[in-house]
Each structure stands twice: as C-alpha cells, then as structure tokens.
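Visitor: What follows is a single structure, and I will ask about it in a moment.
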Amino acid sequence: MSDKVKDIKGWTREQMAELCAQDIPDGSYVNLGIGIPELVAKFVPKGREFIYHTENGLLGMGPSPKAGQEDPELINAGKKAVTALSGASYFHHGDSFAMIRGGHIDVCVLGAMQVSETGDLANWSTGEPDAIPAVGGAMDLVAGVKTIFVITQHITKDGAAKLVEKCSYPLTGQKVVTRIYTDLAIVEVTPEGFRLRALAPGVDFDEVAAKTDAPLLPMM
Amino acid sequence: MSDKVKDIKGWTREQMAELCAQDIPDGSYVNLGIGIPELVAKFVPKGREFIYHTENGLLGMGPSPKAGQEDPELINAGKKAVTALSGASYFHHGDSFAMIRGGHIDVCVLGAMQVSETGDLANWSTGEPDAIPAVGGAMDLVAGVKTIFVITQHITKDGAAKLVEKCSYPLTGQKVVTRIYTDLAIVEVTPEGFRLRALAPGVDFDEVAAKTDAPLLPMM
Amino acid sequence: MINKHVKSVTQAVADISDGAVIMIGGFGEAGSPIELIHALIDLGAKNLTIINNNTGNGEVGLAALIGTGQVKKMICSYPRSSHSKVFPELYRAGKIELEIVPQGTLAERIRAGGAGIPAFYTATTVGTPLSEDKEIRNIKGRDYVLEYALKADFALIKCEKADLMGNLTYNKTARNFNPIMCMAATTTIVQAHKIVPTGDIDPEHVITPNIFVNRVVEVSDPLIESKLIAEGISYP
Amino acid sequence: MINKHVKSVTQAVADISDGAVIMIGGFGEAGSPIELIHALIDLGAKNLTIINNNTGNGEVGLAALIGTGQVKKMICSYPRSSHSKVFPELYRAGKIELEIVPQGTLAERIRAGGAGIPAFYTATTVGTPLSEDKEIRNIKGRDYVLEYALKADFALIKCEKADLMGNLTYNKTARNFNPIMCMAATTTIVQAHKIVPTGDIDPEHVITPNIFVNRVVEVSDPLIESKLIAEGISYP
C-alpha cells in the first residue's frame, strides 16, 4: 500500500474482500453471498484459481458480461447477469443443492446481521412482526458448506455490535461461522470464543474489544 | 386362431404375453421383468405404442440388435444387448428409480413364484438357508409402479399351486399384484380374493379352482 | 407416434381447476413460463397454491397472477423483490398465505415428491425458527429436521427444446427448478422455445425424459419479464 | 488451470488403504472401471467394503477383486451371476459378508450420501424380510421404511469423456450408478475413454460436474469384460 493510506483507519469493503480471498486455498469451490461477499471474486490471489458455484444451477461462473451482452437466462443467485467460464456446467436446483448440502462446496462467504461467539449466524430476518420472511438459500449454505466466512462491518450504522455473545435476531444456522472479516479486524470463532487474528490499520485491540459484545481473546 | 389349436389345452407363453399386452393401454410406460414378461414386447396391439423403461437407465428401449451389432454399453436390466428407439433418453440409476418409486411407470409385468389372494408377490427367494439372496430391482418395482401384472405358469413343475392364500416364500411386496396371466386362466386380484376373468381353451372353472390354493370366484 | 403437442397455451392450461396446487418453474425471470402463467390468469382458476422460489416481479407473470387474487397460498424461499409490491401488500393485508421454505429444502422436497420419497432428513434449519415445530432426529451425532415431499396437480414449465414425445432440454440457468417440477406434478405442461421432431434430441442430452411431460406448446418468441417491467407493462 | 489428470491407473489408486469403503460404478460390465479395479488388485489393499450392484462376472474385474480375498464385505442388490462362482463360494464358506439392498434403495442411499441427506423413507421392502429390523413409519396412510445414506472413501468410475477439470459424460447405459457414486465418495477416481481439453464439453451436456471428481486417467482402449470371459481369461 502507498504512504497515502497511512492515516486511513480500518479496512474498506474491497480490502475486507481481499483479505478474505487470501484465506481461500487454491482450487477451492466457492459460493459467494450477495453484496460485499461478491467482491471476493475480484481479489483471487496470483497463482490461485477458485471455481464459483451459484445455487441457481451453474458451476464455473465468470464475471459480469459487458453491457449489452447480458442474457436473461444466464444469471446468478442475486439474479444479476453473469457469464460461464470454460469448464462450466449447468444443472437443476436439486443437483445444485446436493452440492451444497452434501458438503462439496469448500467455502461460502456471507454477510451478517449478527455473529455469536459460538459461530451462530443471523443474516436473514430482523424478526420484526411485519417483516416478510425471506430466507433464500442461506440456511442451506450454512448447514452444508464446509467453511463459512463472514464479511461485515464491525458495528451497525446505529453503533450496535454485530459480534455478540448470543444473537438476538432469528438464526440462519448454529455454530457455522469460523472467521469474520470486518472493517476493523479479522476475528476467529474458536472453541474459547472470539479471538483476534488481525487488526486493521489505525485500530487497536481495545477498540475492537469495545465494539464487540462478547469477550475478545488476544492474538495468539 | 386356426382350427388346429382346437385340441390344444391352455395358453402358450406367447399367448399369455399377448393377452397381457392387450390389457396395456396405448401410450403406457412399461417395465418388463426378465423371462416370459419380455415376450410382451412382441405383442403390442395394432395402433398402440408402449414406451419401455429399463431400470439400468434407458427410456425408449427397442428390440435386440442384429447379431454382430451388440454394444456392451447398451444393455437392459437382464444385461442383454438392446437398442434405443427414436425419442429415447439415458439417465443414471438415481433418476431411473425415481421414475419407478415416484409412480411414473404405468405397468410392470413380472414373473412369480407365488401370488397370494391379497396380491402379495413372492418372486425373489425360496428362503432356503443356503440360497444367496438376490433381489435386484423387484422390490422397488412392485412398491412404485402403478399396475403390477404377473405372467406365470399356473402351477409349478412339481404340481404345487402358485396362486395361494398366503405366500410361503419371502415376499417381494404386499398387496401389489392386480392381475395374473397363467397358462390356464386370467385371474384378477380383487378385494374379495381371486376372481376368474378368462379361461384358456380346453380349461374349465373347476380345473383352475382345483389348481389354485385359495378360493376362486367365478367370472362376473 | 406419441404426440404431446398442443396448439395453444390456452388449450394447454384449460383443465386447471379452482384449488389446484401448481408448481411454476423459474428462478426470477430465468426459466419462468410467462405465457403459460398469463394463460392461467385468462383462465381465472382460483384458490390456487403456487410453488415457486419467488413471488414474481413487476406486474407481469407470477406477480400478475398473485395480483389477480387467484392465489390462496405461496410456497417459496424468497418472497421479496425489488420490483414488485404485489405480494407484500396482499401478505400484509392477510389476503395470502405464505409457507417459507429454504431454497435447498424446497428443491429437495420437490425432488422427493417426484422420486417417491415421502420424507427425508436435512440439517438445514436446525436451530432456527424455521424448524421450531418440526421433528428433529439425531443421526450419527448431528441433528436433522424431518421434511416432507411436495407434489402438485400441475407444473408449468419453460424449456428450450421439446420433441413431440416430450423430451426436454433447457437453456443455461433457466434450467433451475424446471426439471424437478416436471417430476413432481400429476400433469406437466411445458412451453418450449422450439418444438422439434422426435429423434432430434440426442438421448445423451435429454435433461427431462418424456415420462415426466404431458403437454408441450411452442412459444417461439417468449416475453422477457425484465423488458416488460422496464417498459412499465402490466398484465392483463 | 485446474488439472486433475493423472498418468496411470496405478498412480490413480495408489492411496487406497486397507479397510477402505469403495463404490465401484457399473451395472454388469457396462460402465465397470475394469482397469481401475485391476490396479486395485495389483495394489493389494485388504479388508475392503465394496458397493456395486453386482458381484462381478467370470474371473476378471470385480469378480477377480473378490476372488483375491481383498473384499471383506459386499453391499449390492444382486450377487448372482451366470458366469461367476467367485462370490457364491466365498459367501457359502463364510469368508465374505453381504448386505443385500434393493437396487432402487441402493441407488437412492448413494444419491442421499452425495446430497447430504442422512436418511429417507421409502415404500420399498415394506412387508418383506428386508425391512424386518428396520424402522417403519406411516406417512399419510402408507407404511415406509427408514433407510440411511451410503458414503464411501473412494469411488472408482468409468466414463466416456472427461475434461482436465473433471467434467464427465457417459456412454449410453454405461452411465448407470457412476454419476451418483461420483457424488458420494470422498475421493472420486475416474477412468475416461477419452480425456479432452477443458472447454470441449458443452456446459449443457456435462453429466457429472467437476466438483464431484478428484482424478481422471485415460484408458483409451478398455478391456471388455464379456470378451475376456469368452476367452477364459482370469486376472491377474
């Protein structure tokens, strides 16, 4: 990074995605959630290749097509136009979720509303009475994919902690998240609870601990 | 039939198969068991078309190929060389038995060791202690196919009845057979028990009843 | 020769009656049989239960069907859309029922319905509100939820090519729920981009074998949902 | 570029160890990976559990593997053959275990293993000796048997074409158990009639997506079991 960023505090969305991408092994089968997780695809480390799965029936998903080249019958789970790379394959929803539920996808990167210190994830509903429930494939992904990473801001816009002792929102899955990439830190979910793994520039342990609603263990 | 057959008593294997074929509606999806049931394919009534399913992954199975044209990778469930007709499709065993178990096959014609008056079928094992159990797809077929017809000799070579009150051999399935085509008669399995539906030439009710180890109801 | 070709979408859906359970293929607009859905709107059958991953977009296709009030209940995984207020308004007004099912469980329940599996266990939803009233079973140290098969009276399907016997192929991610819905309905009605003579589809490339298909109708120039929405069109 | 190509069948099976559970594709000789099986015989791994629909023919392929005494247990639907005495002799001598599973239940248990379904219900075997010790459940008025998923450490697979990433197509009825076994094994080893560059297989025609495949080896001129048997050949 250039000198310019010295004064910058925390990581950008792109940096969070890049850090996450660095933790994904070469040759992994990867499913990226809608939103910030999609950025991971931009930061595949040199020498590595990831194969992207989208749950609506495509393995070997490529980047967005050029403007004007969109095909309404070639989309991703977020219903955006995508492309298919060499070596891709199409399949139906039954087979697609067999890949997910059967433990064949190596890594899934998702957004979060809350993550608990035991790895519980809440990312589908605020549980408000008038909210229309909508779960999509999130519960299948967290139950079936081998490794679940979360990318999220460390706190909400209102300043509430998203890393908590116990989720107050309805769960997407229990004990599923293993690592969280936030604007402030990388935090690991361990049997002992949250453990700091890396600090963003200009951020110290105390700040991360203060913005986490559960005990935070120091770096090993 | 010609005058010649007047003196012949009972039906041949071919005639049993022909009678059975006449009871299969046009456009039916049909699975034929190994042995006499295979002969049904020779007697498709004029103006009708049956589509044959073989559980090893082919819909639209055609007749045996000419000598020298056999393909060891195009076989039926009896592991004999077959052909594929126009409109055929190949699929894996999971999908093939989804067709069977899911009730998509209209008619299955099977051989039998015993059929009970409630439609129980025994056709896979004598239950003898040293017999090597081998069931293949028979239990899946009787559990899943809409209509199960049986073609069999009325009695065994030793003179024992095959149509019985209760099967003594291990069952293939319970309450599954609806009609039996034998060399002597066509017998329907009804809620009241066996009911005669047709007599073979030179055979009378008393003979069929005597060779059936369960009450036989007369033709309606 | 067996011929499942019907001449019009109107004719294809004509026997759908009030109270029918109908699976509709598609994931968003991809693979959505929009002409068949519009024919169902024209037909006017009511009290329908619709199984689809979503609740439609804009005021065409599935959203339009919901908008007419013909749908009593939706079974889906994701009833939200950035382009449609039809479902949310009816739902908040208590005028439509909703059974929310995770996408993979929805797919597997449909596949089970087609494959003669009445029920199965899955880890999806364990520990979440969506399994609260369901049976949990521990198998080899992990908890699983019991889920039941879904079946339907009709399936409305979009495919790329159909032959006259009803063998189907699909186009890219428009495949999605269509093949498994073909398996799970008593009567499967298909709109094909192109109908070809029987024998034109390589037996190795058939995705839906004809045993799962009852009727095929050609819609050679189908409406594109996103274009209709961009143009502000609503149906009927 | 991802490349799953290995140079020899020997190398492809080298890490199969004693006690492994192995699914072997094929229905009779169709789709049977005979060169991989012979490599497994050469390797000599023992106490194997083998999952296949049958028990092999003559004294080659699966029958030869059983004949060496490497197999502790067979899981299959039909362990009889008009051309082989290998299995019956070992079985009657109490030297090999047998788990008999109806063909469709075998297929579905394998598919369940691959699809992350730990258990499911089926009507197959209800009221027969094969469900005597199993759990029965009445669902909507009909009795069903609870069956558990099958998984394996390795799958030995035969396919027609494989690309370097591991996408597969099959030939006619040689497809049979192969695609579902690819899904249910930790390590899937494939012998392909022909290996092609990645991109040569149309994404619409891929039967086994590469996610289910670990190694591909080309066997361009495979042995034909029935010919070997007709010639009286035995392996090794």
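Chain labels follow the order of the structure tokens: the first chain is A, the next B, and so on; residue numbering restarts at 1 in every chain, and ligands are counted from 1 in their shown order.
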Can you work out which residues from chain D touch chain C at a cut-off of 10 Å (counting only C-alpha atoms) and hand them back as a PDB file with C-alpha atoms, in the first residue's frame?
Guide:
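What landed in out.pdb:
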```pdb
ATOM      1  CA  GLU D 108     -31.166 -43.651  -3.507  1.00  0.00           C
ATOM      2  CA  ALA D 112     -28.554 -39.375  -0.446  1.00  0.00           C
ATOM      3  CA  ALA D 115     -26.687 -34.947  -1.461  1.00  0.00           C
ATOM      4  CA  GLY D 116     -26.236 -34.589   2.314  1.00  0.00           C
ATOM      5  CA  ILE D 117     -29.483 -36.396   3.161  1.00  0.00           C
ATOM      6  CA  PRO D 118     -28.628 -38.676   6.105  1.00  0.00           C
ATOM      7  CA  ALA D 119     -31.810 -40.750   5.871  1.00  0.00           C
ATOM      8  CA  PHE D 120     -35.075 -41.012   3.967  1.00  0.00           C
ATOM      9  CA  TYR D 121     -38.256 -43.051   3.818  1.00  0.00           C
ATOM     10  CA  THR D 122     -39.241 -45.419   1.017  1.00  0.00           C
ATOM     11  CA  ALA D 123     -42.042 -47.922   0.467  1.00  0.00           C
ATOM     12  CA  THR D 124     -39.589 -50.431  -1.000  1.00  0.00           C
ATOM     13  CA  ASN D 138     -46.767 -44.427   8.470  1.00  0.00           C
ATOM     14  CA  ILE D 139     -46.959 -41.262   6.398  1.00  0.00           C
ATOM     15  CA  LYS D 140     -50.359 -40.201   5.079  1.00  0.00           C
ATOM     16  CA  ARG D 142     -48.917 -45.738   3.848  1.00  0.00           C
ATOM     17  CA  TYR D 144     -42.468 -46.626   4.691  1.00  0.00           C
ATOM     18  CA  LEU D 146     -36.308 -45.627   7.047  1.00  0.00           C
ATOM     19  CA  GLU D 147     -33.128 -46.027   5.011  1.00  0.00           C
ATOM     20  CA  TYR D 148     -29.743 -44.414   5.683  1.00  0.00           C
ATOM     21  CA  THR D 169     -20.040 -37.531 -19.881  1.00  0.00           C
ATOM     22  CA  TYR D 170     -21.014 -41.182 -20.179  1.00  0.00           C
ATOM     23  CA  ASN D 171     -21.905 -43.650 -22.919  1.00  0.00           C
ATOM     24  CA  LYS D 172     -25.482 -44.998 -23.130  1.00  0.00           C
ATOM     25  CA  THR D 173     -26.426 -47.369 -20.296  1.00  0.00           C
ATOM     26  CA  ARG D 175     -23.967 -44.230 -17.120  1.00  0.00           C
ATOM     27  CA  PRO D 203     -21.796 -26.982 -20.268  1.00  0.00           C
ATOM     28  CA  GLU D 204     -25.344 -28.137 -21.119  1.00  0.00           C
ATOM     29  CA  HIS D 205     -24.136 -31.711 -21.713  1.00  0.00           C
ATOM     30  CA  VAL D 206     -21.990 -32.250 -18.621  1.00  0.00           C
ATOM     31  CA  ILE D 207     -23.475 -35.142 -16.644  1.00  0.00           C
TER      32      ILE D 207
END
```
Visitor: Would you give me, as an MDAnalysis selection string, the residues in stretch 38-160 of chain D that DSSP reads as helix (DSSP H, G or I)?
Guide: chainID D and resid 38:43 61:67 86:92 103:115 129:131
Visitor: Using only C-alpha atoms, which protein or nucleic acid residues come within 12 Å of D:Leu90? Drop anything in the same chain fewer than 3 positions from it, and give the result as a list of chain:residue names.
Guide: B:Ile132, D:Thr55, D:Ala63, D:Ile66, D:Gly67, D:Thr68, D:Gly69, D:Gln70, D:Val71, D:Lys72, D:Lys73, D:Met74, D:Pro79, D:Ser84, D:Lys85, D:Val86, D:Phe87, D:Ala93, D:Gly94, D:Lys95, D:Ile96, D:Glu97, D:Leu98
Visitor: Can I get the selection written as an mmCIF file, in the first residue's frame, with N, CA, C and O atoms?
Guide:
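part18.cif written:
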```
data_model
loop_
_atom_site.group_PDB
_atom_site.id
_atom_site.type_symbol
_atom_site.label_atom_id
_atom_site.label_comp_id
_atom_site.auth_asym_id
_atom_site.auth_seq_id
_atom_site.Cartn_x
_atom_site.Cartn_y
_atom_site.Cartn_z
ATOM 1 N N ILE B 132 -28.361 -67.762 -1.877
ATOM 2 C CA ILE B 132 -27.737 -66.434 -1.815
ATOM 3 C C ILE B 132 -28.797 -65.409 -2.161
ATOM 4 O O ILE B 132 -29.347 -65.441 -3.258
ATOM 5 N N THR D 55 -21.773 -58.643 -8.234
ATOM 6 C CA THR D 55 -20.530 -59.164 -7.645
ATOM 7 C C THR D 55 -19.544 -59.602 -8.724
ATOM 8 O O THR D 55 -18.634 -60.374 -8.444
ATOM 9 N N ALA D 63 -15.165 -59.469 -9.998
ATOM 10 C CA ALA D 63 -15.108 -60.868 -9.547
ATOM 11 C C ALA D 63 -13.675 -61.246 -9.166
ATOM 12 O O ALA D 63 -13.443 -61.945 -8.168
ATOM 13 N N ILE D 66 -12.820 -59.738 -5.786
ATOM 14 C CA ILE D 66 -13.425 -60.543 -4.724
ATOM 15 C C ILE D 66 -12.628 -61.839 -4.558
ATOM 16 O O ILE D 66 -12.342 -62.261 -3.430
ATOM 17 N N GLY D 67 -12.230 -62.405 -5.677
ATOM 18 C CA GLY D 67 -11.508 -63.670 -5.658
ATOM 19 C C GLY D 67 -10.166 -63.613 -4.934
ATOM 20 O O GLY D 67 -9.719 -64.601 -4.350
ATOM 21 N N THR D 68 -9.518 -62.460 -4.920
ATOM 22 C CA THR D 68 -8.222 -62.335 -4.240
ATOM 23 C C THR D 68 -8.360 -62.340 -2.723
ATOM 24 O O THR D 68 -7.360 -62.403 -2.016
ATOM 25 N N GLY D 69 -9.619 -62.206 -2.247
ATOM 26 C CA GLY D 69 -9.809 -62.136 -0.796
ATOM 27 C C GLY D 69 -9.626 -60.742 -0.226
ATOM 28 O O GLY D 69 -9.612 -60.558 0.989
ATOM 29 N N GLN D 70 -9.508 -59.733 -1.105
ATOM 30 C CA GLN D 70 -9.325 -58.357 -0.608
ATOM 31 C C GLN D 70 -10.610 -57.744 -0.052
ATOM 32 O O GLN D 70 -10.583 -56.726 0.616
ATOM 33 N N VAL D 71 -11.738 -58.380 -0.396
ATOM 34 C CA VAL D 71 -13.038 -57.788 -0.032
ATOM 35 C C VAL D 71 -13.609 -58.471 1.203
ATOM 36 O O VAL D 71 -13.839 -59.677 1.221
ATOM 37 N N LYS D 72 -13.871 -57.644 2.225
ATOM 38 C CA LYS D 72 -14.440 -58.141 3.480
ATOM 39 C C LYS D 72 -15.960 -58.198 3.379
ATOM 40 O O LYS D 72 -16.606 -59.078 3.921
ATOM 41 N N LYS D 73 -16.510 -57.198 2.676
ATOM 42 C CA LYS D 73 -17.972 -57.063 2.648
ATOM 43 C C LYS D 73 -18.437 -56.498 1.325
ATOM 44 O O LYS D 73 -17.821 -55.573 0.795
ATOM 45 N N MET D 74 -19.537 -57.062 0.796
ATOM 46 C CA MET D 74 -20.178 -56.533 -0.403
ATOM 47 C C MET D 74 -21.513 -55.923 -0.029
ATOM 48 O O MET D 74 -22.284 -56.525 0.718
ATOM 49 N N PRO D 79 -26.216 -60.354 -6.095
ATOM 50 C CA PRO D 79 -24.895 -61.000 -6.076
ATOM 51 C C PRO D 79 -24.855 -62.324 -6.829
ATOM 52 O O PRO D 79 -24.014 -63.161 -6.542
ATOM 53 N N SER D 84 -20.087 -66.560 -12.899
ATOM 54 C CA SER D 84 -19.058 -66.455 -11.873
ATOM 55 C C SER D 84 -19.410 -67.259 -10.637
ATOM 56 O O SER D 84 -20.527 -67.201 -10.139
ATOM 57 N N LYS D 85 -18.439 -67.990 -10.155
ATOM 58 C CA LYS D 85 -18.628 -68.744 -8.919
ATOM 59 C C LYS D 85 -17.852 -68.114 -7.774
ATOM 60 O O LYS D 85 -17.839 -68.621 -6.658
ATOM 61 N N VAL D 86 -17.170 -67.026 -8.067
ATOM 62 C CA VAL D 86 -16.253 -66.452 -7.083
ATOM 63 C C VAL D 86 -16.979 -66.042 -5.815
ATOM 64 O O VAL D 86 -16.638 -66.474 -4.710
ATOM 65 N N PHE D 87 -17.991 -65.198 -5.956
ATOM 66 C CA PHE D 87 -18.702 -64.721 -4.771
ATOM 67 C C PHE D 87 -19.441 -65.844 -4.048
ATOM 68 O O PHE D 87 -19.283 -65.988 -2.825
ATOM 69 N N ALA D 93 -18.739 -70.167 2.171
ATOM 70 C CA ALA D 93 -17.664 -70.535 3.098
ATOM 71 C C ALA D 93 -17.568 -69.548 4.266
ATOM 72 O O ALA D 93 -16.705 -69.685 5.131
ATOM 73 N N GLY D 94 -18.455 -68.558 4.285
ATOM 74 C CA GLY D 94 -18.451 -67.589 5.393
ATOM 75 C C GLY D 94 -17.260 -66.654 5.357
ATOM 76 O O GLY D 94 -16.876 -66.068 6.368
ATOM 77 N N LYS D 95 -16.658 -66.486 4.179
ATOM 78 C CA LYS D 95 -15.453 -65.664 4.072
ATOM 79 C C LYS D 95 -15.715 -64.257 3.557
ATOM 80 O O LYS D 95 -14.776 -63.473 3.355
ATOM 81 N N ILE D 96 -16.972 -63.951 3.286
ATOM 82 C CA ILE D 96 -17.288 -62.593 2.838
ATOM 83 C C ILE D 96 -18.669 -62.233 3.361
ATOM 84 O O ILE D 96 -19.579 -63.073 3.397
ATOM 85 N N GLU D 97 -18.810 -60.979 3.824
ATOM 86 C CA GLU D 97 -20.110 -60.518 4.311
ATOM 87 C C GLU D 97 -20.918 -59.962 3.148
ATOM 88 O O GLU D 97 -20.364 -59.489 2.160
ATOM 89 N N LEU D 98 -22.238 -59.987 3.328
ATOM 90 C CA LEU D 98 -23.125 -59.476 2.289
ATOM 91 C C LEU D 98 -24.211 -58.617 2.911
ATOM 92 O O LEU D 98 -24.884 -59.039 3.852
#
```
Visitor: I need the residues in stretch 10-229 of chain D that are strand (DSSP E or B) according to DSSP; give them as a ChimeraX atom specification.
Guide: /D:21-24,27,30,48-51,59,71-76,97-100,119-122,136-139,142-148,152-163,168-169,185-196,208,215-218
Visitor: Compute the set of chain A residues within 8 Å of chain C, using only C-alpha atoms, and express it as a PyMOL selection string.
Guide: chain A and resi 56-58+72-75+79+90-94+97+101+130+132-140+142-144+170-174
Visitor: Atom CA of C:Ser220 to atom CA of C:Thr208: how many Å, to one decimal?
Guide: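 Spanning atom CA of C:Ser220 to atom CA of C:Thr208 is a straight-line distance of 19.4 Å.
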Visitor: Give me the residues of stretch 97-165 of chain B that have any atom at most 8 Å from an atom of stretch 27-46 of chain B; for each, the nearest atom pair and the distance in Å, rounded to one decimal. Use only C-alpha atoms, sort by chain and number, and format it as JSON lines.
Guide:
```
{"residue": "B:His104", "atom": "CA", "partner": "B:Tyr29", "partner_atom": "CA", "distance": 7.7}
{"residue": "B:Ile105", "atom": "CA", "partner": "B:Tyr29", "partner_atom": "CA", "distance": 5.1}
{"residue": "B:Asp106", "atom": "CA", "partner": "B:Tyr29", "partner_atom": "CA", "distance": 5.2}
{"residue": "B:Val107", "atom": "CA", "partner": "B:Val30", "partner_atom": "CA", "distance": 4.9}
{"residue": "B:Cys108", "atom": "CA", "partner": "B:Asn31", "partner_atom": "CA", "distance": 4.7}
{"residue": "B:Val109", "atom": "CA", "partner": "B:Leu32", "partner_atom": "CA", "distance": 5.0}
{"residue": "B:Leu110", "atom": "CA", "partner": "B:Gly33", "partner_atom": "CA", "distance": 4.8}
{"residue": "B:Gly111", "atom": "CA", "partner": "B:Pro37", "partner_atom": "CA", "distance": 6.7}
{"residue": "B:Ile151", "atom": "CA", "partner": "B:Pro37", "partner_atom": "CA", "distance": 6.4}
{"residue": "B:Thr152", "atom": "CA", "partner": "B:Ile36", "partner_atom": "CA", "distance": 7.8}
```
Visitor: Which polymer residues have any atom within 9 Å of an atom of D:Ser17, counting only C-alpha atoms, with same-chain residues fewer than 6 positions away left out, as an MDAnalysis selection string?
Guide: chainID D and resid 44:46 48
Visitor: Mind dumping the selected residues with all heavy atoms as a tab-separated table (two decimals), in the first residue's frame?
Guide:
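Below is the file selection.tsv, written as the result:
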```
chain	number	residue	atom	x	y	z
D	44	GLY	N	-3.26	-54.29	-3.84
D	44	GLY	CA	-3.36	-55.27	-2.76
D	44	GLY	C	-4.03	-54.80	-1.48
D	44	GLY	O	-3.99	-55.51	-0.48
D	45	ALA	N	-4.67	-53.63	-1.49
D	45	ALA	CA	-5.38	-53.16	-0.28
D	45	ALA	C	-6.40	-54.21	0.16
D	45	ALA	O	-7.07	-54.81	-0.68
D	45	ALA	CB	-6.08	-51.83	-0.57
D	46	LYS	N	-6.50	-54.41	1.48
D	46	LYS	CA	-7.32	-55.50	2.02
D	46	LYS	C	-8.48	-55.01	2.88
D	46	LYS	O	-8.60	-53.82	3.15
D	46	LYS	CB	-6.42	-56.43	2.85
D	46	LYS	CG	-5.51	-57.29	2.00
D	46	LYS	CD	-4.64	-58.22	2.82
D	46	LYS	CE	-3.80	-59.11	1.89
D	46	LYS	NZ	-3.25	-58.38	0.70
D	48	LEU	N	-11.54	-54.60	2.30
D	48	LEU	CA	-12.33	-53.57	1.64
D	48	LEU	C	-13.83	-53.84	1.77
D	48	LEU	O	-14.25	-55.00	1.83
D	48	LEU	CB	-11.96	-53.51	0.15
D	48	LEU	CG	-10.49	-53.32	-0.17
D	48	LEU	CD1	-10.26	-53.40	-1.68
D	48	LEU	CD2	-9.98	-51.98	0.39
```
Visitor: Env of D:Val60: 9 Å cut, atoms = only C-alpha atoms, seq-sep filter 5 positions within chain, self excluded. Answer as a PyMOL selection string.
Guide: chain D and resi 34+38+65+225+228-229+233-236
Visitor: Would you pick out the contacts of stretch 210-218 of chain B at 10 Å or less, using only C-alpha atoms, so that residues sharing its chain but fewer than 3 positions from it are not included, and give the list as a PyMOL selection string?
Guide: chain B and resi 116-117+154-155+159-166+184+187-190+192-198+205-207
Visitor: May I have the residues within 7 Å of D:Ile157 as a list in words, using only C-alpha atoms and disregarding those fewer than 6 positions away in the same chain?
Guide: Ile24, Gly25, Pro33, Asn178, Ile189, Val190 and Gln191 of chain D
Visitor: Just write the chosen residues, C-alpha atoms, as a PDB file, in the first residue's frame.
Guide:
```
ATOM      1  CA  ILE D  24     -17.442 -49.158  -7.943  1.00  0.00           C
ATOM      2  CA  GLY D  25     -19.575 -47.951 -10.850  1.00  0.00           C
ATOM      3  CA  PRO D  33     -13.958 -49.408 -14.481  1.00  0.00           C
ATOM      4  CA  ASN D 178     -21.470 -43.852 -11.987  1.00  0.00           C
ATOM      5  CA  ILE D 189     -11.212 -41.636  -9.337  1.00  0.00           C
ATOM      6  CA  VAL D 190     -12.320 -41.791 -12.958  1.00  0.00           C
ATOM      7  CA  GLN D 191     -11.110 -43.749 -15.937  1.00  0.00           C
TER       8      GLN D 191
END
```
Visitor: Could you check how far atom CA of D:Ile2 sits from atom CA of D:Leu40, in Å to one decimal?
Guide: 25.9 Å
Visitor: Using only C-alpha atoms, pick whichever of A:Val115, A:Asp95, A:Pro63, A:Gly87 has the shortest atom-to-atom distance to chain B.
Guide: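 Among the listed residues, A:Asp95 lies closest to chain B.
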Visitor: Could you tell me how far atom CA of B:Leu85 sits from atom CA of B:Pro65, in Å to one decimal place?
Guide: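 A separation of 11.3 Å between them.
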